[in-house]
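Colleague: For reference, this is final36.tsv, and it has TSV, C-alpha atoms and all ligand atoms.
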```tsv
chain	number	residue	atom	x	y	z
R	1	MET	CA	24.21	-99.17	-57.29
R	2	SER	CA	26.09	-99.68	-60.50
R	3	TRP	CA	25.35	-103.09	-61.92
R	4	LYS	CA	27.60	-105.16	-64.16
R	5	VAL	CA	24.42	-106.62	-65.60
R	6	PRO	CA	21.24	-104.70	-64.75
R	7	LEU	CA	17.85	-106.37	-64.98
R	8	PHE	CA	16.94	-104.00	-67.76
R	9	ASP	CA	18.84	-101.32	-69.64
R	10	LEU	CA	17.27	-98.64	-71.79
R	11	ARG	CA	19.21	-97.11	-74.66
R	12	PHE	CA	17.88	-94.27	-76.76
R	13	ASP	CA	19.78	-92.88	-79.73
R	14	GLU	CA	19.75	-89.84	-82.02
R	15	LYS	CA	16.37	-90.89	-83.41
R	16	GLU	CA	14.57	-90.45	-80.08
R	17	PHE	CA	16.62	-87.32	-79.27
R	18	SER	CA	15.68	-85.59	-82.50
R	19	ALA	CA	12.03	-86.68	-82.28
R	20	VAL	CA	11.81	-85.08	-78.83
R	21	ASN	CA	13.62	-81.96	-80.02
R	22	LYS	CA	11.20	-81.58	-82.88
R	23	VAL	CA	8.26	-81.62	-80.48
R	24	LEU	CA	9.89	-79.13	-78.11
R	25	LYS	CA	10.62	-76.78	-80.98
R	26	SER	CA	7.04	-77.04	-82.25
R	27	GLY	CA	5.67	-75.54	-79.01
R	28	TRP	CA	2.75	-78.01	-78.93
R	29	LEU	CA	3.09	-80.48	-76.06
R	30	THR	CA	-0.32	-81.96	-75.33
R	31	MET	CA	-2.07	-84.50	-77.55
R	32	GLY	CA	-1.64	-83.41	-81.14
R	33	GLU	CA	-0.38	-84.69	-84.46
R	34	GLU	CA	2.38	-86.90	-82.98
R	35	THR	CA	-0.18	-88.64	-80.80
R	36	LYS	CA	-2.53	-89.14	-83.76
R	37	GLU	CA	0.29	-90.58	-85.86
R	38	PHE	CA	1.45	-92.81	-83.01
R	39	GLU	CA	-2.10	-94.16	-82.65
R	40	ARG	CA	-2.44	-94.68	-86.38
R	41	GLU	CA	0.92	-96.47	-86.67
R	42	PHE	CA	0.30	-98.58	-83.59
R	43	SER	CA	-3.17	-99.69	-84.65
R	44	SER	CA	-1.84	-100.62	-88.06
R	45	TYR	CA	1.08	-102.54	-86.50
R	46	ILE	CA	-1.24	-104.54	-84.23
R	47	GLY	CA	-3.95	-104.88	-86.85
R	48	VAL	CA	-6.87	-103.21	-85.08
R	49	LYS	CA	-9.21	-100.44	-86.17
R	50	TYR	CA	-8.84	-98.09	-83.23
R	51	ALA	CA	-6.06	-97.12	-80.83
R	52	LEU	CA	-5.90	-94.42	-78.17
R	53	ALA	CA	-2.64	-93.46	-76.48
R	54	THR	CA	-2.93	-93.08	-72.72
R	55	SER	CA	-0.87	-91.95	-69.74
R	56	SER	CA	-0.24	-95.57	-68.73
R	57	CYS	CA	-1.42	-99.14	-69.17
R	58	THR	CA	-3.05	-98.88	-65.76
R	59	ALA	CA	-5.17	-96.00	-67.08
R	60	ALA	CA	-5.93	-98.02	-70.21
R	61	LEU	CA	-7.06	-101.00	-68.12
R	62	HIS	CA	-9.24	-98.80	-65.92
R	63	MET	CA	-10.88	-97.29	-68.99
R	64	ALA	CA	-11.34	-100.74	-70.54
R	65	ASN	CA	-13.27	-101.97	-67.50
R	66	LEU	CA	-15.43	-98.84	-67.44
R	67	ALA	CA	-16.13	-98.87	-71.17
R	68	LEU	CA	-17.42	-102.44	-70.84
R	69	GLY	CA	-19.76	-101.33	-68.06
R	70	ILE	CA	-18.02	-103.29	-65.31
R	71	GLY	CA	-18.90	-102.11	-61.82
R	72	VAL	CA	-20.33	-102.93	-58.38
R	73	GLY	CA	-21.79	-106.43	-58.22
R	74	ASP	CA	-19.74	-107.78	-61.12
R	75	GLU	CA	-16.96	-110.32	-60.98
R	76	VAL	CA	-13.96	-110.24	-63.29
R	77	ILE	CA	-11.62	-113.22	-63.59
R	78	CYS	CA	-7.89	-112.52	-63.91
R	79	PRO	CA	-4.54	-114.07	-62.96
R	80	SER	CA	-2.97	-113.47	-59.57
R	81	LEU	CA	0.44	-114.03	-61.15
R	82	SER	CA	0.62	-110.54	-62.64
R	83	PHE	CA	1.48	-106.96	-61.87
R	84	VAL	CA	-1.01	-105.53	-59.38
R	85	ALA	CA	-2.37	-103.05	-61.96
R	86	THR	CA	-4.23	-105.89	-63.67
R	87	SER	CA	-6.53	-106.50	-60.72
R	88	ASN	CA	-6.44	-102.92	-59.40
R	89	SER	CA	-8.21	-101.89	-62.59
R	90	ILE	CA	-11.11	-104.14	-61.55
R	91	VAL	CA	-11.13	-102.87	-57.96
R	92	TYR	CA	-11.26	-99.23	-59.17
R	93	THR	CA	-14.70	-99.90	-60.64
R	94	GLY	CA	-16.13	-101.53	-57.50
R	95	ALA	CA	-16.17	-104.96	-59.14
R	96	LYS	CA	-14.63	-108.04	-57.53
R	97	PRO	CA	-11.47	-109.67	-58.89
R	98	VAL	CA	-11.65	-113.46	-58.97
R	99	PHE	CA	-8.21	-114.96	-59.41
R	100	ALA	CA	-7.68	-118.06	-61.52
R	101	ASP	CA	-4.57	-120.24	-61.37
R	102	VAL	CA	-2.01	-120.57	-64.14
R	103	VAL	CA	-1.70	-123.61	-66.42
R	104	SER	CA	1.31	-125.36	-64.84
R	105	LEU	CA	4.84	-124.95	-63.55
R	106	THR	CA	6.02	-124.74	-67.16
R	107	ASP	CA	3.25	-122.50	-68.54
R	108	PHE	CA	2.74	-119.39	-66.37
R	109	ASN	CA	-0.31	-118.14	-68.30
R	110	ILE	CA	-3.82	-118.14	-66.86
R	111	SER	CA	-5.45	-121.56	-67.27
R	112	PRO	CA	-8.56	-121.74	-69.49
R	113	LYS	CA	-9.80	-124.68	-67.40
R	114	GLU	CA	-9.43	-122.66	-64.19
R	115	ILE	CA	-11.13	-119.66	-65.77
R	116	GLU	CA	-14.12	-121.82	-66.62
R	117	ARG	CA	-14.23	-123.26	-63.11
R	118	LYS	CA	-14.39	-119.74	-61.60
R	119	ILE	CA	-17.29	-118.49	-63.72
R	120	THR	CA	-20.46	-117.63	-61.77
R	121	ASN	CA	-23.63	-115.80	-62.77
R	122	LYS	CA	-21.91	-112.58	-61.65
R	123	THR	CA	-18.92	-112.98	-63.98
R	124	LYS	CA	-18.89	-110.23	-66.55
R	125	ALA	CA	-15.41	-110.30	-68.02
R	126	ILE	CA	-12.01	-111.95	-68.10
R	127	ILE	CA	-8.70	-110.11	-68.10
R	128	ILE	CA	-5.84	-112.20	-69.40
R	129	VAL	CA	-2.13	-111.40	-69.29
R	130	HIS	CA	0.27	-112.78	-71.88
R	131	TYR	CA	2.93	-113.52	-69.27
R	132	ALA	CA	6.49	-112.55	-70.26
R	133	GLY	CA	5.19	-112.07	-73.81
R	134	TYR	CA	4.01	-115.65	-74.38
R	135	PRO	CA	0.47	-115.59	-75.78
R	136	CYS	CA	-2.23	-117.36	-73.75
R	137	ASN	CA	-4.14	-120.23	-75.31
R	138	MET	CA	-6.46	-117.99	-77.32
R	139	ASP	CA	-8.44	-120.81	-79.00
R	140	GLU	CA	-9.64	-122.07	-75.63
R	141	ILE	CA	-10.06	-118.63	-74.04
R	142	CYS	CA	-12.06	-117.25	-76.96
R	143	ALA	CA	-14.28	-120.37	-76.90
R	144	ILE	CA	-15.00	-119.84	-73.18
R	145	VAL	CA	-15.73	-116.15	-73.70
R	146	LYS	CA	-18.18	-116.99	-76.46
R	147	LYS	CA	-19.84	-119.89	-74.66
R	148	HIS	CA	-20.49	-117.86	-71.50
R	149	ASP	CA	-21.11	-114.55	-73.26
R	150	LEU	CA	-18.36	-112.64	-71.42
R	151	PHE	CA	-16.15	-109.69	-72.27
R	152	LEU	CA	-12.45	-110.21	-72.81
R	153	ILE	CA	-9.74	-107.67	-71.97
R	154	GLU	CA	-6.19	-108.47	-72.95
R	155	ASP	CA	-3.49	-107.04	-70.71
R	156	CYS	CA	-0.73	-106.92	-73.34
R	157	ALA	CA	1.76	-105.01	-71.17
R	158	HIS	CA	4.40	-107.70	-71.82
R	159	ALA	CA	3.41	-108.57	-75.32
R	160	PRO	CA	3.61	-105.95	-78.09
R	161	GLY	CA	4.46	-107.88	-81.23
R	162	ALA	CA	3.66	-111.33	-79.82
R	163	GLU	CA	1.54	-113.57	-82.05
R	164	TYR	CA	-0.81	-116.48	-81.56
R	165	LYS	CA	-1.17	-118.64	-84.68
R	166	GLY	CA	0.04	-115.73	-86.80
R	167	GLN	CA	-2.34	-113.18	-85.25
R	168	LYS	CA	-1.02	-110.40	-83.04
R	169	VAL	CA	-2.15	-110.42	-79.43
R	170	GLY	CA	-4.31	-107.41	-78.71
R	171	THR	CA	-6.69	-108.38	-81.52
R	172	PHE	CA	-8.51	-111.20	-79.68
R	173	GLY	CA	-10.27	-109.32	-76.90
R	174	ASP	CA	-13.00	-106.67	-76.92
R	175	ILE	CA	-10.31	-104.29	-75.71
R	176	ALA	CA	-6.54	-104.68	-75.26
R	177	CYS	CA	-4.12	-102.57	-73.23
R	178	PHE	CA	-0.41	-101.99	-73.75
R	179	SER	CA	2.23	-100.43	-71.50
R	180	PHE	CA	5.09	-98.16	-72.52
R	181	PHE	CA	6.59	-97.97	-69.03
R	182	SER	CA	10.38	-97.63	-68.90
R	183	ASN	CA	11.22	-101.32	-68.70
R	184	LYS	CA	8.68	-102.57	-71.25
R	185	ASN	CA	9.53	-103.68	-74.80
R	186	LEU	CA	8.37	-100.34	-76.21
R	187	SER	CA	9.32	-97.55	-73.86
R	188	THR	CA	8.25	-93.94	-73.50
R	189	GLY	CA	8.99	-93.64	-69.76
R	190	GLU	CA	5.34	-93.70	-68.81
R	191	GLY	CA	2.56	-94.35	-71.29
R	192	GLY	CA	0.13	-96.85	-72.71
R	193	MET	CA	-2.32	-97.66	-75.48
R	194	VAL	CA	-5.85	-99.00	-75.50
R	195	VAL	CA	-7.04	-100.69	-78.70
R	196	THR	CA	-10.33	-102.10	-79.98
R	197	ASN	CA	-12.12	-103.03	-83.18
R	198	ASN	CA	-15.45	-101.81	-81.81
R	199	GLU	CA	-16.40	-98.26	-82.77
R	200	GLU	CA	-18.86	-97.82	-79.92
R	201	LEU	CA	-16.21	-98.84	-77.37
R	202	TYR	CA	-13.71	-96.56	-79.06
R	203	GLU	CA	-16.04	-93.57	-78.66
R	204	LYS	CA	-16.56	-94.42	-74.98
R	205	LEU	CA	-12.82	-94.80	-74.39
R	206	LYS	CA	-12.15	-91.46	-76.05
R	207	LEU	CA	-14.54	-89.73	-73.64
R	208	LEU	CA	-13.10	-91.56	-70.64
R	209	ARG	CA	-9.58	-90.46	-71.54
R	210	SER	CA	-10.38	-86.77	-71.42
R	211	HIS	CA	-13.08	-85.77	-68.91
R	212	GLY	CA	-16.00	-86.88	-71.08
R	213	MET	CA	-15.38	-83.78	-73.20
R	214	THR	CA	-16.73	-83.69	-76.72
R	215	THR	CA	-13.83	-81.71	-78.22
R	216	LEU	CA	-10.09	-81.63	-77.56
R	217	THR	CA	-7.77	-78.68	-77.04
R	218	LEU	CA	-6.28	-79.44	-80.45
R	219	ASP	CA	-9.67	-79.14	-82.18
R	220	ARG	CA	-10.19	-75.74	-80.60
R	221	HIS	CA	-6.66	-74.64	-81.45
R	222	LYS	CA	-7.25	-75.57	-85.05
R	223	GLY	CA	-10.44	-73.57	-85.04
R	224	HIS	CA	-12.61	-76.65	-85.49
R	225	ALA	CA	-14.49	-75.94	-82.28
R	226	PHE	CA	-15.06	-73.07	-79.85
R	227	SER	CA	-16.51	-74.98	-76.97
R	228	TYR	CA	-17.31	-78.41	-75.63
R	229	ASP	CA	-19.89	-80.34	-73.71
R	230	VAL	CA	-19.18	-82.84	-70.93
R	231	VAL	CA	-21.35	-85.87	-71.62
R	232	SER	CA	-19.98	-88.42	-69.14
R	233	LEU	CA	-17.60	-88.81	-66.22
R	234	GLY	CA	-14.05	-89.01	-67.53
R	235	PHE	CA	-10.48	-88.70	-66.39
R	236	ASN	CA	-7.24	-87.14	-67.48
R	237	TYR	CA	-5.57	-90.24	-68.89
R	238	ARG	CA	-3.94	-88.46	-71.83
R	239	ILE	CA	-0.45	-88.91	-73.19
R	240	ASP	CA	1.63	-85.97	-74.46
R	241	GLU	CA	3.44	-85.20	-77.70
R	242	ILE	CA	6.92	-85.82	-76.29
R	243	ARG	CA	6.12	-89.36	-75.30
R	244	ALA	CA	4.09	-90.01	-78.44
R	245	ALA	CA	7.12	-88.95	-80.50
R	246	ILE	CA	9.40	-91.31	-78.54
R	247	GLY	CA	6.79	-94.03	-78.96
R	248	ARG	CA	6.79	-93.67	-82.75
R	249	VAL	CA	10.56	-94.17	-82.89
R	250	GLN	CA	10.38	-97.06	-80.45
R	251	LEU	CA	7.63	-98.74	-82.47
R	252	LYS	CA	9.92	-98.75	-85.50
R	253	LYS	CA	12.56	-100.53	-83.43
R	254	LEU	CA	10.18	-103.01	-81.80
R	255	ASP	CA	10.50	-106.00	-84.15
R	256	THR	CA	14.30	-105.76	-84.25
R	257	ASN	CA	14.47	-105.44	-80.48
R	258	ASN	CA	12.08	-108.37	-79.95
R	259	LYS	CA	14.26	-110.45	-82.26
R	260	LYS	CA	17.37	-109.56	-80.24
R	261	ARG	CA	15.52	-110.57	-77.08
R	262	LYS	CA	14.65	-113.92	-78.67
R	263	GLU	CA	18.26	-114.61	-79.62
R	264	LEU	CA	19.42	-113.83	-76.09
R	265	VAL	CA	16.73	-116.08	-74.60
R	266	ASP	CA	17.75	-118.89	-76.97
R	267	TYR	CA	21.33	-118.44	-75.83
R	268	TYR	CA	20.33	-118.41	-72.15
R	269	LYS	CA	18.35	-121.62	-72.69
R	270	GLU	CA	21.30	-123.30	-74.36
R	271	ARG	CA	23.71	-122.21	-71.63
R	272	LEU	CA	21.33	-123.23	-68.83
R	273	SER	CA	20.29	-126.55	-70.35
R	274	GLU	CA	22.74	-128.51	-68.17
R	275	CYS	CA	21.67	-126.84	-64.94
R	276	GLU	CA	19.80	-129.32	-62.74
R	277	PHE	CA	18.51	-126.83	-60.21
R	278	ILE	CA	16.15	-124.91	-62.42
R	279	SER	CA	13.47	-125.34	-65.04
R	280	ILE	CA	12.66	-122.89	-67.78
R	281	PRO	CA	8.98	-122.11	-68.38
R	282	PHE	CA	7.65	-121.88	-71.94
R	283	LYS	CA	10.78	-123.78	-72.99
R	284	ASP	CA	9.35	-125.34	-76.13
R	285	TYR	CA	6.64	-122.76	-76.69
R	286	LYS	CA	5.41	-122.74	-80.26
R	287	GLU	CA	3.78	-119.32	-80.57
R	288	ARG	CA	5.69	-116.10	-81.16
R	289	SER	CA	6.65	-114.45	-77.89
R	290	SER	CA	7.83	-110.86	-77.44
R	291	TYR	CA	10.32	-112.11	-74.78
R	292	HIS	CA	9.60	-109.29	-72.36
R	293	ILE	CA	11.43	-110.97	-69.46
R	294	PHE	CA	13.39	-114.17	-68.90
R	295	PRO	CA	11.81	-116.08	-66.00
R	296	ILE	CA	13.19	-119.31	-64.57
R	297	LEU	CA	11.80	-121.60	-61.88
R	298	LEU	CA	14.21	-122.56	-59.11
R	299	ASP	CA	14.36	-125.96	-57.53
R	300	GLU	CA	12.63	-126.23	-54.15
R	301	LYS	CA	15.99	-126.69	-52.44
R	302	ILE	CA	17.40	-123.35	-53.60
R	303	ASN	CA	17.12	-120.39	-51.24
R	304	ARG	CA	16.00	-117.64	-53.62
R	305	THR	CA	16.87	-114.71	-51.34
R	306	GLN	CA	20.40	-116.03	-50.82
R	307	LEU	CA	20.79	-116.57	-54.56
R	308	MET	CA	19.56	-113.05	-55.35
R	309	LYS	CA	21.99	-111.63	-52.78
R	310	TYR	CA	24.85	-113.63	-54.25
R	311	LEU	CA	24.01	-112.41	-57.75
R	312	ARG	CA	23.77	-108.82	-56.44
R	313	GLU	CA	27.20	-109.12	-54.82
R	314	ASN	CA	28.48	-110.02	-58.26
R	315	GLY	CA	26.79	-107.05	-59.90
R	316	ILE	CA	23.80	-108.91	-61.34
R	317	GLN	CA	20.33	-107.51	-60.81
R	318	THR	CA	17.43	-109.95	-60.72
R	319	SER	CA	13.74	-109.69	-59.93
R	320	ILE	CA	10.63	-111.71	-59.13
R	321	HIS	CA	7.60	-111.90	-61.43
R	322	TYR	CA	5.49	-112.05	-59.46
R	323	ARG	CA	4.61	-112.12	-55.83
R	324	PRO	CA	0.96	-113.29	-56.25
R	325	ILE	CA	-1.46	-110.38	-56.01
R	326	HIS	CA	-3.82	-112.15	-53.59
R	327	GLN	CA	-0.98	-112.40	-51.04
R	328	PHE	CA	-0.42	-108.63	-50.78
R	329	SER	CA	-1.67	-107.03	-47.53
R	330	PHE	CA	-4.17	-104.81	-49.32
R	331	TYR	CA	-5.66	-107.75	-51.20
R	332	LYS	CA	-5.83	-109.94	-48.10
R	333	ASP	CA	-8.28	-107.43	-46.59
R	334	LEU	CA	-10.29	-107.14	-49.78
R	335	GLU	CA	-13.18	-109.33	-50.87
R	336	VAL	CA	-11.66	-111.26	-53.74
R	337	GLY	CA	-11.87	-114.80	-55.09
R	338	CYS	CA	-8.60	-116.51	-54.21
R	339	SER	CA	-9.19	-120.25	-53.92
R	340	ASP	CA	-7.10	-122.97	-55.60
R	341	LEU	CA	-4.07	-120.95	-56.67
R	342	THR	CA	-1.59	-123.76	-56.10
R	343	TYR	CA	0.70	-123.22	-59.07
R	344	THR	CA	0.57	-119.43	-58.70
R	345	GLU	CA	1.75	-119.73	-55.09
R	346	ILE	CA	4.56	-122.16	-55.94
R	347	ILE	CA	5.75	-119.91	-58.76
R	348	GLY	CA	5.50	-116.89	-56.46
R	349	LYS	CA	7.97	-118.61	-54.13
R	350	ARG	CA	10.37	-120.04	-56.69
R	351	GLU	CA	10.41	-117.79	-59.74
R	352	LEU	CA	13.48	-115.71	-60.55
R	353	THR	CA	13.83	-113.24	-63.43
R	354	LEU	CA	17.27	-112.93	-64.98
R	355	PRO	CA	18.51	-109.82	-66.85
R	356	LEU	CA	17.25	-109.35	-70.40
R	357	TYR	CA	17.31	-106.33	-72.72
R	358	PRO	CA	17.93	-105.91	-76.44
R	359	ASN	CA	21.45	-104.50	-76.18
R	360	MET	CA	22.60	-107.17	-73.71
R	361	GLN	CA	25.86	-108.82	-74.78
R	362	TYR	CA	26.31	-112.58	-75.13
R	363	SER	CA	29.30	-112.25	-72.83
R	364	GLN	CA	26.93	-110.82	-70.21
R	365	VAL	CA	24.70	-113.88	-70.55
R	366	ASP	CA	27.83	-116.03	-70.07
R	367	TYR	CA	28.72	-114.00	-67.00
R	368	VAL	CA	25.24	-114.40	-65.48
R	369	VAL	CA	25.20	-118.15	-66.15
R	370	ASN	CA	28.71	-118.62	-64.72
R	371	ILE	CA	27.96	-116.74	-61.52
R	372	PHE	CA	24.66	-118.59	-61.29
R	373	ASN	CA	26.42	-121.94	-61.62
R	374	ASN	CA	29.01	-120.93	-59.01
R	375	PHE	CA	26.20	-120.52	-56.54
C	1	LIG	C1	3.61	-102.93	-66.41
C	1	LIG	C2	2.32	-103.65	-66.33
C	1	LIG	C3	1.10	-102.98	-66.19
C	1	LIG	C4	0.99	-101.51	-65.91
C	1	LIG	O1	1.58	-100.72	-66.85
C	1	LIG	P1	1.80	-99.15	-66.56
C	1	LIG	O2	1.99	-98.60	-67.93
C	1	LIG	O3	3.00	-99.02	-65.71
C	1	LIG	O4	0.58	-98.63	-65.92
C	1	LIG	C5	-0.06	-103.72	-66.22
C	1	LIG	N1	-0.03	-105.06	-66.38
C	1	LIG	C6	1.12	-105.74	-66.48
C	1	LIG	C7	1.08	-107.21	-66.66
C	1	LIG	C8	2.34	-105.06	-66.44
C	1	LIG	O5	3.48	-105.75	-66.52
```
Could you render the structure from this file as structure tokens?
Modeller:
Amino acid sequence: MSWKVPLFDLRFDEKEFSAVNKVLKSGWLTMGEETKEFEREFSSYIGVKYALATSSCTAALHMANLALGIGVGDEVICPSLSFVATSNSIVYTGAKPVFADVVSLTDFNISPKEIERKITNKTKAIIIVHYAGYPCNMDEICAIVKKHDLFLIEDCAHAPGAEYKGQKVGTFGDIACFSFFSNKNLSTGEGGMVVTNNEELYEKLKLLRSHGMTTLTLDRHKGHAFSYDVVSLGFNYRIDEIRAAIGRVQLKKLDTNNKKRKELVDYYKERLSECEFISIPFKDYKERSSYHIFPILLDEKINRTQLMKYLRENGIQTSIHYRPIHQFSFYKDLEVGCSDLTYTEIIGKRELTLPLYPNMQYSQVDYVVNIFNNF
């Protein structure tokens, strides 16, 4: 299908091409100097001590749960209004996801009040998601975490560059995870990053990423080591040099791209301000978003499927963020906490995501809004 306005459009230029070429010519493809530099640059951008590049954000989230010792018998609170990887990472460890509702029909982030209501003596951690790039209420969440002595994992898949009261998200939790999947703000195709300020956690994460091995292939290649020990159960959650090199270029473009996203969202909001059949979440949000996606909430009377079909007929691709996790077949058969998710379920029925990407044209926003209004 060739779209007039796709949901997301990825454009690389000579900078990514030549970065990839350089790696290919070097003959070293697994984790090496590019990866190290990417980690160093990313940690300095976010403002954390340690960063490890991973094969995906899902891998990063899995490692985060394991590094914090989460397992069978534990409960972890997270939103149901998220990508399924958020709660899958809990299920992988044998722990039980307990879903908490979002704040309201205008703030799609997990509600601090609902988090607190779901805490039991089994609760070990909270995973928050900065939905669409809008930071959660970190003052309240950090207070809850402290009061109840819990761990905090930030799922920052939507939010590289977003800030809460001048502080980058990813610096509030014990561990934070980022995604570099194709359609994310910083894209390497597949890829992720796990960050922390805690040295002990960093050492654990490093082992988890590569089979619990004490040395890497690079160390041995450089002659720093001849052998290795395996000291814990680990995985192959490594990134490679090609993607790390793309990531470094993309990181340099991130702030500019996030700013373009903001300008497009501002324009969307202006153009849609007259429309009676929708509301726009986070409309007057004060913190700095990374504007990962542009979600709107449709009026009850609008048939979303018909609307999406109509937009598709006119070459406009839209999506839904999200169908609530607890409503998926797999999760219905699983033992999870899924009471009182009223707002999540309403949003799941009525949310629509309109196209947004840094190189989108204002005329394309006009086109989307016009077709939308025709409907
Ligand atoms: C994309 C996404 C993930 C998973 O990222 P991958 O890199 O594809 O594994 C996790 N959480 C959220 C909220 C996401 O949007």
Colleague: Which residue gives the smallest distance to Phe178 (chain R) among R:Val129, R:Leu152, R:Val91, R:Ile110, with all atoms listed in the file counted?
Modeller: R:Val129
Colleague: Just give me the residues with any atom within 8 Å of (-9.5, -113.3, -57.3), file coordinates, counting all atoms listed in the file, written as a PyMOL selection string.
Modeller: chain R and resi 77-80+96-100+326+336-339
Colleague: Residues within 10 Å of ligand LIG 1 (chain C), counting only C-alpha atoms and all ligand atoms: report them as a ChimeraX atom specification.
Modeller: /R:54-62,79,81-89,128-133,154-159,177-184,187-193,292-293,321-322
Colleague: What are the closest atom pairs, with distances in Å to one decimal, for all residues of region 47-165 of chain R lying within 9 Å of region 248-263 of chain R? Consider only C-alpha atoms, order rows by chain and residue number, and present the result as a tab-separated table.
Modeller:
```
residue	atom	partner	partner_atom	distance
R:Pro160	CA	R:Leu254	CA	8.1
R:Gly161	CA	R:Asp255	CA	7.0
R:Ala162	CA	R:Asn258	CA	8.9
```
Colleague: Would you list the contacts of His211 (chain R) as a short mmCIF file (atom, residue, chain, number, x, y, z; two decimals) with C-alpha atoms, in the coordinates of the input, taking every protein, DNA or RNA residue within 9 Å and counting only C-alpha atoms, but skipping same-chain residues closer than 4 positions in sequence?
Modeller:
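Saved as around_22.cif:
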```cif
data_model
loop_
_atom_site.label_atom_id
_atom_site.label_comp_id
_atom_site.auth_asym_id
_atom_site.auth_seq_id
_atom_site.Cartn_x
_atom_site.Cartn_y
_atom_site.Cartn_z
CA LEU R 207 -14.54 -89.73 -73.64
CA VAL R 230 -19.18 -82.84 -70.93
CA VAL R 231 -21.35 -85.87 -71.62
CA SER R 232 -19.98 -88.42 -69.14
CA LEU R 233 -17.60 -88.81 -66.22
CA GLY R 234 -14.05 -89.01 -67.53
CA PHE R 235 -10.48 -88.70 -66.39
CA ASN R 236 -7.24 -87.14 -67.48
CA TYR R 237 -5.57 -90.24 -68.89
#
```
Colleague: Leaving out region 367-375 of chain R and any residue of its chain fewer than 3 positions from it, which residues lie within 12 Å of it when counting all atoms listed in the file, given as a ChimeraX atom specification?
Modeller: /R:3-7,267-278,296,298,302-304,306-318,352-356,360-364
Colleague: Give me, please, the distance in Å between CA of Gly27 (chain R) and CA of Ala51 (chain R), quoted to one decimal.
Modeller: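 CA of Ala51 (chain R) lies 24.6 Å from CA of Gly27 (chain R).
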Colleague: Residues within 8 Å of Lys349 (chain R), please, as a ChimeraX atom specification. Count all atoms listed in the file; anything in the same chain fewer than 3 positions from it doesn't count.
Modeller: /R:323,345-346
